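target-v7.tsv (TSV, C-alpha atoms) appears below.
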chain	number	residue	atom	x	y	z
A	1	MET	CA	64.98	16.26	21.81
A	2	GLU	CA	62.16	15.37	19.40
A	3	ASP	CA	64.06	12.29	18.22
A	4	VAL	CA	64.39	11.00	21.78
A	5	VAL	CA	60.72	11.59	22.61
A	6	ASP	CA	59.61	10.02	19.30
A	7	SER	CA	61.76	6.97	20.02
A	8	MET	CA	60.27	6.63	23.50
A	9	LEU	CA	56.72	6.90	22.15
A	10	ASP	CA	57.52	4.41	19.38
A	11	LEU	CA	58.79	2.00	22.03
A	12	MET	CA	55.67	2.48	24.16
A	13	ARG	CA	53.47	1.50	21.20
A	14	ARG	CA	55.25	-1.86	21.04
A	15	LEU	CA	55.11	-2.68	24.75
A	16	PRO	CA	52.19	-4.43	26.50
A	17	PRO	CA	49.42	-1.94	27.36
A	18	THR	CA	48.83	-3.70	30.68
A	19	ARG	CA	52.23	-2.47	31.91
A	20	THR	CA	52.07	1.12	30.73
A	21	GLU	CA	52.78	2.66	34.14
A	22	GLU	CA	55.81	0.44	34.73
A	23	ASN	CA	57.22	1.13	31.27
A	24	VAL	CA	56.74	4.90	31.59
A	25	SER	CA	58.49	4.90	34.97
A	26	ALA	CA	61.38	2.90	33.52
A	27	LEU	CA	61.79	5.33	30.61
A	28	ILE	CA	61.70	8.31	32.97
A	29	ARG	CA	64.49	6.76	35.04
A	30	ILE	CA	66.55	6.31	31.86
A	31	ALA	CA	65.86	9.82	30.50
A	32	PRO	CA	64.59	12.05	33.34
A	33	ASP	CA	65.06	15.23	31.29
A	34	TYR	CA	62.19	14.17	29.02
A	35	ALA	CA	59.75	13.21	31.79
A	36	ASP	CA	57.29	16.06	31.16
A	37	GLU	CA	57.15	15.43	27.41
A	38	LEU	CA	56.61	11.69	27.91
A	39	LEU	CA	53.96	12.08	30.61
A	40	GLY	CA	52.11	14.60	28.47
A	41	SER	CA	52.10	12.29	25.43
A	42	VAL	CA	51.29	8.88	26.93
A	43	ASP	CA	47.83	8.09	28.29
A	44	GLN	CA	48.15	6.07	31.47
A	45	PRO	CA	45.47	4.39	33.59
A	46	LEU	CA	43.95	6.93	35.94
A	47	GLN	CA	44.97	6.83	39.59
A	48	VAL	CA	42.38	7.08	42.34
A	49	ARG	CA	43.35	9.34	45.24
A	50	THR	CA	41.46	10.62	48.27
A	51	ASP	CA	41.03	14.29	49.12
A	52	ARG	CA	42.19	14.72	52.71
A	53	ALA	CA	40.02	17.81	53.24
A	54	THR	CA	36.70	16.36	52.01
A	55	GLY	CA	37.31	12.61	52.12
A	56	ARG	CA	36.07	12.24	48.52
A	57	ASP	CA	37.91	10.27	45.85
A	58	TYR	CA	39.28	11.98	42.76
A	59	LEU	CA	41.31	10.96	39.72
A	60	ALA	CA	44.93	11.92	39.19
A	61	CYS	CA	46.53	12.36	35.79
A	62	ASP	CA	48.92	14.71	34.01
A	63	TYR	CA	46.26	17.42	33.71
A	64	ASN	CA	46.00	18.06	37.47
A	65	ARG	CA	49.67	17.41	38.23
A	66	ASP	CA	52.14	20.04	39.36
A	67	GLY	CA	55.52	18.47	39.98
A	68	GLU	CA	54.85	15.51	42.26
A	69	SER	CA	51.55	16.89	43.58
A	70	TYR	CA	47.99	16.47	42.32
A	71	ARG	CA	45.13	18.95	42.70
A	72	SER	CA	41.76	17.76	43.98
A	73	PRO	CA	38.68	19.12	42.16
A	74	TRP	CA	36.70	19.09	45.41
A	75	SER	CA	38.90	21.22	47.68
A	76	ASN	CA	41.16	22.81	45.01
A	77	GLU	CA	44.16	21.80	47.14
A	78	TYR	CA	47.31	19.91	46.16
A	79	ASP	CA	48.49	16.67	47.72
A	80	PRO	CA	51.28	16.72	48.82
A	81	PRO	CA	50.74	20.43	49.61
A	82	ILE	CA	52.68	23.03	47.59
A	83	ASP	CA	52.71	26.81	47.88
A	84	ASP	CA	52.65	27.91	44.24
A	85	GLY	CA	50.47	25.27	42.61
A	86	THR	CA	48.50	26.22	39.49
A	87	VAL	CA	44.77	26.73	40.13
A	88	PRO	CA	42.00	28.09	37.86
A	89	ILE	CA	40.83	31.70	38.17
A	90	PRO	CA	37.72	32.23	40.38
A	91	LYS	CA	35.29	32.39	37.43
A	92	LEU	CA	36.66	29.18	35.93
A	93	ARG	CA	36.83	27.51	39.34
A	94	LYS	CA	33.11	28.17	39.82
A	95	LEU	CA	32.40	26.49	36.49
A	96	GLU	CA	34.72	23.61	37.45
A	97	ILE	CA	32.77	22.96	40.66
A	98	ALA	CA	29.48	22.86	38.74
A	99	ALA	CA	30.99	20.56	36.10
A	100	ASN	CA	32.22	18.12	38.73
A	101	GLU	CA	28.76	17.89	40.27
A	102	ALA	CA	27.15	17.40	36.85
A	103	PHE	CA	29.54	14.66	35.71
A	104	ASP	CA	29.31	12.98	39.12
A	105	THR	CA	25.61	12.49	38.33
A	106	TYR	CA	26.52	11.32	34.80
A	107	ARG	CA	28.93	8.78	36.29
A	108	GLU	CA	26.30	7.39	38.63
A	109	MET	CA	23.76	7.06	35.80
A	110	TYR	CA	26.03	5.34	33.27
A	111	TYR	CA	28.64	3.58	35.40
A	112	GLU	CA	26.75	2.86	38.65
A	113	GLY	CA	29.93	3.42	40.60
A	114	GLY	CA	33.48	4.40	39.86
A	115	VAL	CA	35.09	7.83	40.18
A	116	SER	CA	34.88	11.00	38.07
A	117	SER	CA	36.82	14.29	38.01
A	118	VAL	CA	36.76	17.45	35.91
A	119	TYR	CA	39.62	19.96	35.61
A	120	LEU	CA	39.58	23.29	33.76
A	121	TRP	CA	42.32	25.74	32.78
A	122	ASP	CA	42.71	28.96	30.76
A	123	LEU	CA	44.08	29.16	27.24
A	124	GLU	CA	46.29	31.94	25.92
A	125	ASP	CA	43.80	32.90	23.18
A	126	GLY	CA	41.11	33.78	25.71
A	127	GLY	CA	39.18	30.50	25.70
A	128	PHE	CA	39.54	27.64	28.10
A	129	ALA	CA	40.12	23.91	28.04
A	130	GLY	CA	39.31	21.04	30.32
A	131	VAL	CA	39.39	17.32	30.86
A	132	VAL	CA	36.66	14.98	32.04
A	133	LEU	CA	37.95	11.79	33.65
A	134	LEU	CA	35.91	8.65	34.37
A	135	LYS	CA	37.11	5.38	35.84
A	136	LYS	CA	35.31	2.17	36.76
A	137	THR	CA	37.11	-0.85	38.21
A	138	MET	CA	35.62	-4.33	38.47
A	139	ALA	CA	37.15	-6.23	41.38
A	140	PRO	CA	36.40	-9.99	41.51
A	141	THR	CA	35.21	-11.58	44.72
A	142	THR	CA	36.47	-15.03	43.71
A	143	PRO	CA	39.49	-16.12	41.63
A	144	TYR	CA	37.21	-17.15	38.77
A	145	GLU	CA	35.20	-13.96	38.35
A	146	PRO	CA	36.23	-11.51	35.61
A	147	SER	CA	38.23	-8.40	36.50
A	148	GLY	CA	39.01	-5.25	34.61
A	149	SER	CA	38.92	-1.47	34.38
A	150	TRP	CA	37.54	1.24	32.12
A	151	ASP	CA	39.31	4.61	31.89
A	152	SER	CA	37.86	7.51	29.90
A	153	ILE	CA	39.84	10.69	29.22
A	154	HIS	CA	37.94	13.45	27.41
A	155	VAL	CA	40.02	16.55	26.64
A	156	PHE	CA	38.17	19.51	25.15
A	157	GLU	CA	38.95	23.06	24.02
A	158	THR	CA	36.35	25.84	23.89
A	159	ALA	CA	36.34	29.02	21.82
A	160	GLU	CA	33.42	31.42	22.19
A	161	ARG	CA	32.18	33.12	19.03
A	162	GLY	CA	29.42	35.51	20.04
A	163	ARG	CA	26.32	33.44	20.82
A	164	GLN	CA	28.05	30.30	19.58
A	165	ALA	CA	30.83	28.18	21.02
A	166	HIS	CA	33.19	25.92	19.09
A	167	TYR	CA	34.29	22.73	20.83
A	168	LYS	CA	37.09	20.36	19.93
A	169	LEU	CA	36.91	17.04	21.79
A	170	THR	CA	39.57	14.32	21.94
A	171	SER	CA	38.39	11.16	23.70
A	172	THR	CA	40.51	8.21	24.77
A	173	VAL	CA	39.17	5.00	26.26
A	174	MET	CA	41.49	2.48	27.90
A	175	LEU	CA	40.03	-0.94	28.57
A	176	HIS	CA	41.53	-3.84	30.47
A	177	LEU	CA	39.56	-7.07	30.88
A	178	VAL	CA	40.60	-10.45	32.26
A	179	THR	CA	38.27	-13.44	32.22
A	180	HIS	CA	38.81	-16.82	33.85
A	181	ARG	CA	37.20	-20.18	33.25
A	182	GLY	CA	37.23	-22.87	35.86
A	183	SER	CA	35.88	-24.07	39.16
A	184	ASP	CA	37.15	-25.06	42.55
A	185	GLU	CA	36.95	-28.70	41.48
A	186	SER	CA	39.47	-28.22	38.69
A	187	SER	CA	41.83	-26.29	40.93
A	188	SER	CA	41.78	-29.11	43.47
A	189	ALA	CA	42.36	-31.84	40.90
A	190	GLU	CA	44.64	-34.66	41.84
A	191	LYS	CA	48.29	-33.98	41.01
A	192	LYS	CA	50.89	-36.64	40.51
A	193	SER	CA	54.52	-35.63	40.48
A	194	ASP	CA	57.86	-37.35	40.16
A	195	ILE	CA	61.44	-36.36	39.44
A	196	ARG	CA	62.92	-37.33	36.10
A	197	GLY	CA	66.42	-36.22	35.31
A	198	GLY	CA	66.25	-33.33	37.76
A	199	THR	CA	62.96	-32.04	36.31
A	200	LYS	CA	59.71	-32.08	38.20
A	201	VAL	CA	56.92	-33.55	36.05
A	202	THR	CA	53.27	-32.98	36.89
A	203	GLU	CA	50.58	-35.30	35.55
A	204	GLY	CA	46.83	-35.02	35.72
A	205	TRP	CA	46.93	-31.25	36.36
A	206	LYS	CA	43.94	-29.30	34.98
A	207	GLN	CA	44.73	-25.68	34.31
A	208	ASP	CA	41.91	-23.34	33.30
A	209	GLY	CA	42.32	-20.76	30.60
A	210	GLU	CA	42.67	-17.02	31.07
A	211	VAL	CA	41.87	-14.43	28.45
A	212	SER	CA	43.25	-10.91	28.77
A	213	LEU	CA	42.09	-8.08	26.52
A	214	SER	CA	43.56	-4.61	26.85
A	215	GLY	CA	44.19	-1.59	24.71
A	216	SER	CA	43.15	1.98	24.01
A	217	MET	CA	41.12	3.86	21.41
A	218	THR	CA	41.18	7.57	20.57
A	219	ARG	CA	38.62	9.55	18.58
A	220	GLN	CA	38.20	13.26	17.83
A	221	THR	CA	35.27	15.49	16.93
A	222	GLU	CA	34.51	19.20	16.53
A	223	GLN	CA	31.09	20.81	16.92
A	224	ASP	CA	29.43	24.21	17.28
A	225	TRP	CA	26.75	24.72	19.91
A	226	PRO	CA	24.59	27.69	20.93
A	227	LEU	CA	25.79	29.53	24.03
A	228	GLN	CA	23.44	31.25	26.50
A	229	ASP	CA	25.69	31.64	29.53
A	230	SER	CA	28.81	30.06	31.03
A	231	SER	CA	26.87	27.12	32.48
A	232	THR	CA	25.83	26.15	28.95
A	233	HIS	CA	29.38	24.88	28.42
A	234	ILE	CA	28.65	22.03	30.83
A	235	THR	CA	25.52	21.02	28.91
A	236	ASN	CA	27.25	21.21	25.53
A	237	THR	CA	30.35	19.25	26.51
A	238	GLY	CA	28.17	16.76	28.38
A	239	LYS	CA	26.17	16.00	25.22
A	240	MET	CA	29.33	15.58	23.18
A	241	ILE	CA	30.97	13.28	25.72
A	242	GLU	CA	27.81	11.21	26.15
A	243	GLU	CA	27.51	10.72	22.40
A	244	MET	CA	31.20	9.93	22.02
A	245	GLU	CA	31.22	7.34	24.82
A	246	ILE	CA	28.21	5.55	23.35
A	247	LYS	CA	29.87	5.41	19.92
A	248	MET	CA	33.17	4.16	21.31
A	249	ARG	CA	31.49	1.55	23.50
A	250	ASN	CA	29.51	0.20	20.53
A	251	LEU	CA	32.69	0.19	18.43
A	252	LEU	CA	34.52	-1.80	21.09
A	253	GLN	CA	31.68	-4.28	21.40
A	254	GLU	CA	30.95	-4.80	17.72
A	255	VAL	CA	34.38	-4.50	16.13
A	256	TYR	CA	37.07	-5.34	18.67
A	257	PHE	CA	35.27	-7.96	20.76
A	258	GLY	CA	33.49	-9.32	17.71
A	259	LYS	CA	36.76	-9.64	15.77
A	260	THR	CA	38.47	-11.33	18.72
A	261	ARG	CA	35.60	-13.80	19.01
A	262	ASP	CA	35.75	-14.62	15.29
A	263	ILE	CA	39.50	-15.23	15.48
A	264	VAL	CA	39.15	-17.51	18.50
A	265	TYR	CA	36.34	-19.51	16.86
A	266	ASP	CA	38.42	-19.89	13.69
A	267	LEU	CA	41.40	-21.16	15.68
A	268	ARG	CA	39.45	-23.65	17.75
A	269	SER	CA	35.98	-24.99	17.19
A	270	VAL	CA	33.62	-25.32	20.14
A	271	ASP	CA	31.76	-28.22	18.49
A	272	ASP	CA	33.16	-31.52	17.30
A	273	LEU	CA	34.88	-30.95	13.94
A	274	GLU	CA	34.01	-34.45	12.71
A	275	LYS	CA	30.34	-33.79	13.41
A	276	ALA	CA	30.56	-30.46	11.57
A	277	ARG	CA	32.17	-32.21	8.58
A	278	ARG	CA	29.38	-34.79	8.41
A	279	GLN	CA	26.74	-32.05	8.50
A	280	LYS	CA	28.52	-30.19	5.71
A	281	ASP	CA	28.73	-33.34	3.58
A	282	LEU	CA	25.04	-34.01	4.20
A	283	GLN	CA	24.17	-30.50	3.06
A	284	LYS	CA	26.18	-30.94	-0.12
A	285	GLU	CA	24.47	-34.29	-0.77
A	286	LEU	CA	21.00	-32.77	-0.30
A	287	VAL	CA	21.86	-29.86	-2.60
A	288	GLY	CA	23.07	-32.34	-5.23
A	289	LEU	CA	19.80	-34.28	-5.05
A	290	ILE	CA	17.69	-31.14	-5.34
A	291	LYS	CA	19.52	-29.55	-8.31
A	292	PRO	CA	18.55	-32.17	-10.99
A	293	ARG	CA	14.87	-31.48	-10.30
With the file now loaded, output its structure as structure tokens.
Amino acid sequence: MEDVVDSMLDLMRRLPPTRTEENVSALIRIAPDYADELLGSVDQPLQVRTDRATGRDYLACDYNRDGESYRSPWSNEYDPPIDDGTVPIPKLRKLEIAANEAFDTYREMYYEGGVSSVYLWDLEDGGFAGVVLLKKTMAPTTPYEPSGSWDSIHVFETAERGRQAHYKLTSTVMLHLVTHRGSDESSSAEKKSDIRGGTKVTEGWKQDGEVSLSGSMTRQTEQDWPLQDSSTHITNTGKMIEEMEIKMRNLLQEVYFGKTRDIVYDLRSVDDLEKARRQKDLQKELVGLIKPR
């Protein structure tokens, strides 16, 4: 079984990240017996669903799934309804409600929109674990505005040690960004077509470029924090998640976007290359004149 799952995961790493959901569904159809293992190992873009009881949106993933149903953090009910769905114990459910309200405020402060959800569950060793989900989608109003989505999945485990609590956090960020360059004038450019040897040839057509960036990043950290009462878990995990998201965002901006920009500029110069060559030659000439002095 492990060989099959490893092969499926190895294949997923080589497929386009923009089609993760389609590829996972295709693999499940091929090997349905390994669906649970695959869904639990592959991070997919979060799905936005609406709680029928409260009318509030929530995020669906493998952590709140039971069969084909998903549990809402607002009403604690499954959709589609099931009779024996897994739900947290009353004490943990109370903490889950408070965590959802807290991270809903966090989402509004940092994302100015989007959807957030928090799910908690018990561990066999007496502690508990949870996941904090955040999603923001940018929908363009015109064909030339950028579009994209940001998905954050923060899975944490908690172990209480007297007046201290040990936390292990695994954070995954999935980013998808598409930018367009162009205008209505270029899209309405004059097109001239004729038929040559059964092939339609188009002349004078201006097609604007499209850049698509997508991928995921995962980071882990472990920390110990003081514990006063059960509500302190929300404060502690909130600080860790806030710090981790800031680090990962800066890493994406400085390393990944910066590296992509450098590669693009090396492949194609924005300025005239002949002009750049003349400036370089002039610099060399000036340096040569200054050195003898």
Practice task
Go through A:His176, A:Arg219, A:Arg56, A:Arg249 one by one, measure the shortest atom-to-atom distance of each to A:Ser147 using only C-alpha atoms, and give the residue with the smallest value.
Solution key: A:His176
Exercise for the section: Write out as a list in words each polymer residue whose atoms come within 7 Å of A:Val173, counting all atoms listed in the file; drop sequence neighbours fewer than 2 positions from it. Expected result: Asp151, Ser152, Ile153, Ser171, Leu175, Ser216, Met217 and Thr218 of chain A
Handout entry: Neighbour list for A:Tyr167 as a PyMOL selection string, cut-off 7 Å, all atoms listed in the file, skip fewer than 4 positions in-chain
Key = chain A and resi 156-159+222-224
Handout entry: Given only C-alpha atoms as the counted atoms, nearest of A:Glu210, A:Glu254, A:Glu243, A:Glu160 to A:Asp125
Key =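 Of A:Glu210, A:Glu254, A:Glu243, A:Glu160, the one nearest A:Asp125 is A:Glu160, counting only C-alpha atoms.
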Around all the atoms of stretch 245-250 of chain A listed in the file, with 5 Å of room on each side, what axis-aligned box do you get, giving centre and edge lengths in Å to one decimal, as lines of an AutoDock Vina configuration file?
center_x = 30.7
center_y = 3.8
center_z = 22.4
size_x = 15.0
size_y = 17.1
size_z = 14.9
Practice task
Dig up all the protein and nucleic acid residues within 12 Å of (26.9, 29.0, 27.7) in the file frame, using only C-alpha atoms, and format them as number ranges by chain.
Solution key: A: 95, 158-167, 224-237
For the selection just defined, write its residues with C-alpha atoms to a file, as a PDB file, keeping the file's coordinate frame.
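Written output follows (out09.pdb):
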ATOM      1  CA  LEU A  95      32.400  26.490  36.490  1.00  0.00           C
ATOM      2  CA  THR A 158      36.350  25.840  23.890  1.00  0.00           C
ATOM      3  CA  ALA A 159      36.340  29.020  21.820  1.00  0.00           C
ATOM      4  CA  GLU A 160      33.420  31.420  22.190  1.00  0.00           C
ATOM      5  CA  ARG A 161      32.180  33.120  19.030  1.00  0.00           C
ATOM      6  CA  GLY A 162      29.420  35.510  20.040  1.00  0.00           C
ATOM      7  CA  ARG A 163      26.320  33.440  20.820  1.00  0.00           C
ATOM      8  CA  GLN A 164      28.050  30.300  19.580  1.00  0.00           C
ATOM      9  CA  ALA A 165      30.830  28.180  21.020  1.00  0.00           C
ATOM     10  CA  HIS A 166      33.190  25.920  19.090  1.00  0.00           C
ATOM     11  CA  TYR A 167      34.290  22.730  20.830  1.00  0.00           C
ATOM     12  CA  ASP A 224      29.430  24.210  17.280  1.00  0.00           C
ATOM     13  CA  TRP A 225      26.750  24.720  19.910  1.00  0.00           C
ATOM     14  CA  PRO A 226      24.590  27.690  20.930  1.00  0.00           C
ATOM     15  CA  LEU A 227      25.790  29.530  24.030  1.00  0.00           C
ATOM     16  CA  GLN A 228      23.440  31.250  26.500  1.00  0.00           C
ATOM     17  CA  ASP A 229      25.690  31.640  29.530  1.00  0.00           C
ATOM     18  CA  SER A 230      28.810  30.060  31.030  1.00  0.00           C
ATOM     19  CA  SER A 231      26.870  27.120  32.480  1.00  0.00           C
ATOM     20  CA  THR A 232      25.830  26.150  28.950  1.00  0.00           C
ATOM     21  CA  HIS A 233      29.380  24.880  28.420  1.00  0.00           C
ATOM     22  CA  ILE A 234      28.650  22.030  30.830  1.00  0.00           C
ATOM     23  CA  THR A 235      25.520  21.020  28.910  1.00  0.00           C
ATOM     24  CA  ASN A 236      27.250  21.210  25.530  1.00  0.00           C
ATOM     25  CA  THR A 237      30.350  19.250  26.510  1.00  0.00           C
TER      26      THR A 237
END
Practice task
Identify the residues around (51.1, 10.0, 25.2) within a radius of 10 Å, measuring from only C-alpha atoms in the coordinates stated by the file, and give them as JSON, numbers by chain.
Solution key: {"A": [8, 9, 12, 13, 24, 37, 38, 39, 40, 41, 42, 43, 44]}
Problem - Two-atom distance - atom CA of A:Lys280, atom CA of A:Thr260 (Å) - result: 25.0 Å
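Using all atoms listed in the file, the shortest contact distance between A:Asp122 and any of A:Ser149, A:Thr86, A:Gln253, A:Thr141 is found at A:Thr86.
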Fill in the blank from the handout: Nearest to A:Val48, restricted to all atoms listed in the file and choosing among A:Pro32, A:Pro88, A:Gly114, A:Pro140, comes out as A:Gly114
Practice task
Give the answer as one residue: which of A:Arg278, A:Lys259, A:His154, A:Arg52 has the shortest atom-to-atom distance to A:Phe103, using only C-alpha atoms?
Solution key: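 Nearest candidate to A:Phe103 out of A:Arg278, A:Lys259, A:His154, A:Arg52: A:His154.
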Missing atoms of stretch 154-166 of chain A rebuilt to N, CA, C and O atoms, written as a PDB file, in the coordinates of the input:
ATOM      1  N   HIS A 154      38.540  12.565  28.411  1.00  0.00           N
ATOM      2  CA  HIS A 154      37.940  13.450  27.410  1.00  0.00           C
ATOM      3  C   HIS A 154      38.543  14.848  27.561  1.00  0.00           C
ATOM      4  O   HIS A 154      38.248  15.560  28.527  1.00  0.00           O
ATOM      5  N   VAL A 155      39.382  15.238  26.626  1.00  0.00           N
ATOM      6  CA  VAL A 155      40.020  16.550  26.640  1.00  0.00           C
ATOM      7  C   VAL A 155      39.315  17.436  25.627  1.00  0.00           C
ATOM      8  O   VAL A 155      39.142  17.047  24.471  1.00  0.00           O
ATOM      9  N   PHE A 156      38.893  18.624  26.055  1.00  0.00           N
ATOM     10  CA  PHE A 156      38.170  19.510  25.150  1.00  0.00           C
ATOM     11  C   PHE A 156      38.732  20.932  25.223  1.00  0.00           C
ATOM     12  O   PHE A 156      39.277  21.361  26.239  1.00  0.00           O
ATOM     13  N   GLU A 157      38.587  21.643  24.110  1.00  0.00           N
ATOM     14  CA  GLU A 157      38.950  23.060  24.020  1.00  0.00           C
ATOM     15  C   GLU A 157      37.709  23.842  23.584  1.00  0.00           C
ATOM     16  O   GLU A 157      36.938  23.380  22.732  1.00  0.00           O
ATOM     17  N   THR A 158      37.533  25.020  24.157  1.00  0.00           N
ATOM     18  CA  THR A 158      36.350  25.840  23.890  1.00  0.00           C
ATOM     19  C   THR A 158      36.759  27.213  23.408  1.00  0.00           C
ATOM     20  O   THR A 158      37.639  27.842  24.003  1.00  0.00           O
ATOM     21  N   ALA A 159      36.113  27.670  22.350  1.00  0.00           N
ATOM     22  CA  ALA A 159      36.340  29.020  21.820  1.00  0.00           C
ATOM     23  C   ALA A 159      34.976  29.663  21.603  1.00  0.00           C
ATOM     24  O   ALA A 159      34.165  29.157  20.804  1.00  0.00           O
ATOM     25  N   GLU A 160      34.700  30.739  22.315  1.00  0.00           N
ATOM     26  CA  GLU A 160      33.420  31.420  22.190  1.00  0.00           C
ATOM     27  C   GLU A 160      33.429  32.351  20.979  1.00  0.00           C
ATOM     28  O   GLU A 160      34.386  33.089  20.751  1.00  0.00           O
ATOM     29  N   ARG A 161      32.338  32.298  20.222  1.00  0.00           N
ATOM     30  CA  ARG A 161      32.180  33.120  19.030  1.00  0.00           C
ATOM     31  C   ARG A 161      30.800  33.785  19.084  1.00  0.00           C
ATOM     32  O   ARG A 161      29.856  33.311  18.447  1.00  0.00           O
ATOM     33  N   GLY A 162      30.696  34.839  19.866  1.00  0.00           N
ATOM     34  CA  GLY A 162      29.420  35.510  20.040  1.00  0.00           C
ATOM     35  C   GLY A 162      28.458  34.636  20.815  1.00  0.00           C
ATOM     36  O   GLY A 162      28.718  34.254  21.958  1.00  0.00           O
ATOM     37  N   ARG A 163      27.313  34.305  20.192  1.00  0.00           N
ATOM     38  CA  ARG A 163      26.320  33.440  20.820  1.00  0.00           C
ATOM     39  C   ARG A 163      26.545  31.980  20.490  1.00  0.00           C
ATOM     40  O   ARG A 163      25.685  31.139  20.732  1.00  0.00           O
ATOM     41  N   GLN A 164      27.684  31.677  19.916  1.00  0.00           N
ATOM     42  CA  GLN A 164      28.050  30.300  19.580  1.00  0.00           C
ATOM     43  C   GLN A 164      29.364  29.953  20.263  1.00  0.00           C
ATOM     44  O   GLN A 164      30.166  30.830  20.602  1.00  0.00           O
ATOM     45  N   ALA A 165      29.574  28.665  20.454  1.00  0.00           N
ATOM     46  CA  ALA A 165      30.830  28.180  21.020  1.00  0.00           C
ATOM     47  C   ALA A 165      31.312  27.005  20.180  1.00  0.00           C
ATOM     48  O   ALA A 165      30.512  26.130  19.815  1.00  0.00           O
ATOM     49  N   HIS A 166      32.584  27.008  19.862  1.00  0.00           N
ATOM     50  CA  HIS A 166      33.190  25.920  19.090  1.00  0.00           C
ATOM     51  C   HIS A 166      33.946  25.012  20.041  1.00  0.00           C
ATOM     52  O   HIS A 166      34.766  25.470  20.851  1.00  0.00           O
TER      53      HIS A 166
END
